[in-house]
$ cat input28.txt   # compact mmCIF, C-alpha atoms
# COMPACT_ATOMS: atom_id res chain seq x y z
CA MET A 1 27.33 30.24 -52.56
CA LYS A 2 26.28 33.84 -51.92
CA LYS A 3 23.32 33.39 -54.26
CA THR A 4 22.15 30.29 -52.37
CA ALA A 5 22.47 32.05 -49.02
CA LEU A 6 20.48 35.00 -50.38
CA PHE A 7 17.60 32.81 -51.52
CA VAL A 8 17.55 30.90 -48.22
CA PHE A 9 17.32 34.26 -46.47
CA ILE A 10 14.55 35.40 -48.81
CA PHE A 11 12.49 32.27 -48.22
CA LEU A 12 12.87 32.56 -44.45
CA ALA A 13 11.96 36.24 -44.60
CA ILE A 14 8.81 35.41 -46.56
CA ALA A 15 7.78 32.75 -44.07
CA LEU A 16 8.43 34.96 -41.05
CA VAL A 17 6.88 38.13 -42.43
CA SER A 18 3.76 36.46 -43.85
CA GLY A 19 3.17 34.46 -40.69
CA CYS A 20 3.36 37.50 -38.44
CA THR A 21 1.26 40.08 -40.25
CA GLY A 22 -2.24 40.55 -41.61
CA ASP A 23 -3.53 39.77 -45.09
CA LYS A 24 -0.90 41.56 -47.21
CA VAL A 25 2.88 41.60 -47.06
CA GLU A 26 5.30 43.94 -48.83
CA GLN A 27 9.02 43.89 -48.18
CA GLU A 28 12.12 45.16 -49.94
CA ILE A 29 15.57 43.84 -49.08
CA LYS A 30 18.74 45.55 -50.28
CA THR A 31 22.04 43.68 -50.22
CA ASP A 32 25.50 44.19 -51.69
CA GLU A 33 24.39 41.84 -54.50
CA GLY A 34 21.22 43.77 -55.41
CA THR A 35 17.63 44.44 -54.44
CA VAL A 36 14.90 41.88 -53.70
CA LYS A 37 11.20 42.79 -53.52
CA ILE A 38 8.68 40.48 -51.85
CA THR A 39 4.89 40.78 -51.85
CA GLY A 40 2.31 38.32 -50.59
CA THR A 41 -1.25 37.67 -49.51
CA MET A 42 -2.52 35.19 -46.94
CA GLY A 43 -5.40 33.57 -48.85
CA ASP A 44 -8.47 32.13 -47.14
CA ASP A 45 -8.84 31.55 -43.40
CA SER A 46 -7.82 27.88 -43.54
CA ASP A 47 -5.89 26.70 -40.48
CA TRP A 48 -2.64 25.67 -42.14
CA CYS A 49 -3.11 25.60 -45.93
CA PRO A 50 -4.62 29.00 -46.85
CA GLU A 51 -5.90 28.45 -50.40
CA GLY A 52 -5.11 31.41 -52.65
CA GLY A 53 -2.20 32.64 -50.55
CA ASP A 54 0.78 33.70 -52.60
CA TRP A 55 4.21 35.26 -52.42
CA THR A 56 6.05 36.93 -55.28
CA MET A 57 9.73 37.78 -55.34
CA SER A 58 11.57 39.86 -57.92
CA ALA A 59 15.26 40.54 -57.77
CA SER A 60 17.75 42.64 -59.65
CA LEU A 61 21.09 41.05 -58.81
CA ALA A 62 24.58 41.05 -60.25
CA GLU A 63 23.80 37.67 -61.91
CA GLY A 64 20.74 39.17 -63.64
CA ASP A 65 17.03 39.67 -63.04
CA MET A 66 15.08 36.89 -61.34
CA SER A 67 11.49 36.36 -60.30
CA ALA A 68 9.64 33.65 -58.41
CA THR A 69 6.09 32.97 -57.26
CA TRP A 70 4.79 30.62 -54.58
CA LYS A 71 1.03 30.00 -54.84
CA ILE A 72 -0.93 27.93 -52.33
CA ASP A 73 -3.23 25.96 -54.61
CA ARG A 74 -5.36 23.96 -52.16
CA LEU A 75 -5.58 21.12 -49.69
CA ILE A 76 -5.68 17.92 -51.74
CA THR A 77 -8.64 15.69 -50.81
CA SER A 78 -8.10 12.53 -52.88
CA GLY A 79 -5.44 10.45 -54.60
CA LYS A 80 -1.75 10.04 -53.80
CA TYR A 81 -1.50 13.47 -52.16
CA ALA A 82 -4.73 13.38 -50.11
CA GLY A 83 -4.31 15.43 -46.92
CA PHE A 84 -1.36 17.36 -48.33
CA CYS A 85 -1.21 21.09 -49.04
CA HIS A 86 -0.25 21.83 -52.67
CA VAL A 87 2.04 24.81 -53.32
CA ILE A 88 3.17 25.73 -56.83
CA TYR A 89 6.54 27.46 -57.22
CA THR A 90 7.57 29.01 -60.53
CA ALA A 91 10.79 30.88 -61.22
CA THR A 92 12.41 32.71 -64.10
CA GLY A 93 16.04 33.74 -64.14
CA PRO A 94 19.24 33.86 -66.13
CA GLU A 95 19.61 30.08 -65.80
CA GLY A 96 16.12 29.42 -67.27
CA ASP A 97 12.62 28.67 -66.07
CA SER A 98 11.63 26.18 -63.40
CA ARG A 99 8.46 24.88 -61.75
CA MET A 100 8.13 22.90 -58.54
CA ASP A 101 5.00 21.39 -57.06
CA TYR A 102 5.28 20.96 -53.28
CA TYR A 103 2.93 18.64 -51.38
CA PHE A 104 3.36 18.54 -47.60
CA ASP A 105 1.35 17.54 -44.55
CA GLU A 106 0.42 19.82 -41.67
CA SER A 107 3.47 18.79 -39.64
CA GLY A 108 5.81 19.51 -42.56
CA GLU A 109 7.56 16.22 -41.79
CA ASN A 110 6.14 14.38 -44.82
CA GLY A 111 5.94 15.56 -48.38
CA TYR A 112 6.77 15.38 -52.04
CA ILE A 113 8.39 17.71 -54.56
CA GLU A 114 7.90 17.35 -58.29
CA MET A 115 10.26 19.59 -60.30
CA ASP A 116 10.47 20.64 -63.92
CA ILE A 117 13.74 22.48 -64.32
CA GLY A 118 14.70 23.38 -67.84
CA GLY A 119 12.57 20.52 -69.19
CA GLN A 120 14.07 17.92 -66.85
CA LYS A 121 11.56 16.27 -64.49
CA ILE A 122 12.68 15.23 -61.00
CA SER A 123 10.65 13.85 -58.07
CA GLN A 124 11.67 13.64 -54.42
CA GLU A 125 9.91 12.79 -51.20
CA TRP A 126 10.62 13.05 -47.48
CA HIS A 127 9.08 11.32 -44.46
CA SER A 128 9.68 11.52 -40.75
$ encode --input "input28.txt" --output "structure tokens"
Amino acid sequence: MKKTALFVFIFLAIALVSGCTGDKVEQEIKTDEGTVKITGTMGDDSDWCPEGGDWTMSASLAEGDMSATWKIDRLITSGKYAGFCHVIYTATGPEGDSRMDYYFDESGENGYIEMDIGGQKISQEWHS
């Protein structure tokens, strides 16, 4: 449970810090469970889906070393995900590697997640 709360906090910190500063973000968070380092760039000047933007997190925690990257790929212009922003999440940790492809609209109320976690493929979607 503590691990989940930590990662929720990290994700919120990334969103808040990157949305409130200039082109580059660097943050280090120390907790009783370990140290988390976050870096990021904003990408292009797109309104809501800044192509090339990325965030990287590395953590040295009691459970082991972990790292994750969120990369804003691009605004999809055709096919099933037309009009959706594509973000690629990759993570490496003691439990193995994972990859998630997020597709969401500007409102954030509609989207899809395609996951590959330890070789198992899972798809989910949400709509308002």
$ atom_distance --input "input28.txt" --atom1 "atom CA of A:Ile113" --atom2 "atom CA of A:Thr41"
22.7 Å
$ residues_around --input "input28.txt" --residues "A:Asp116" --least-positions-apart "6" --cutoff "7 Å" --atoms "only C-alpha atoms" --output "number ranges by chain"
A: 98-100, 122
$ closest_residue --input "input28.txt" --among "A:Thr90, A:Thr35, A:Ser60, A:Gln120" --to "A:Ile72" --atoms "all atoms listed in the file"
A:Thr90
$ closest_residue --input "input28.txt" --among "A:Asp23, A:Asp32, A:Asp101, A:Glu95" --to "A:Asp44" --atoms "all atoms listed in the file"
A:Asp23
$ atom_distance --input "input28.txt" --atom1 "atom CA of A:Tyr103" --atom2 "atom CA of A:Ile38"
22.6 Å
$ residues_around --input "input28.txt" --residues "A:Gly96" --least-positions-apart "2" --cutoff "8 Å" --atoms "only C-alpha atoms" --output "JSON, numbers by chain"
{"A": [92, 93, 94, 98, 117, 118]}
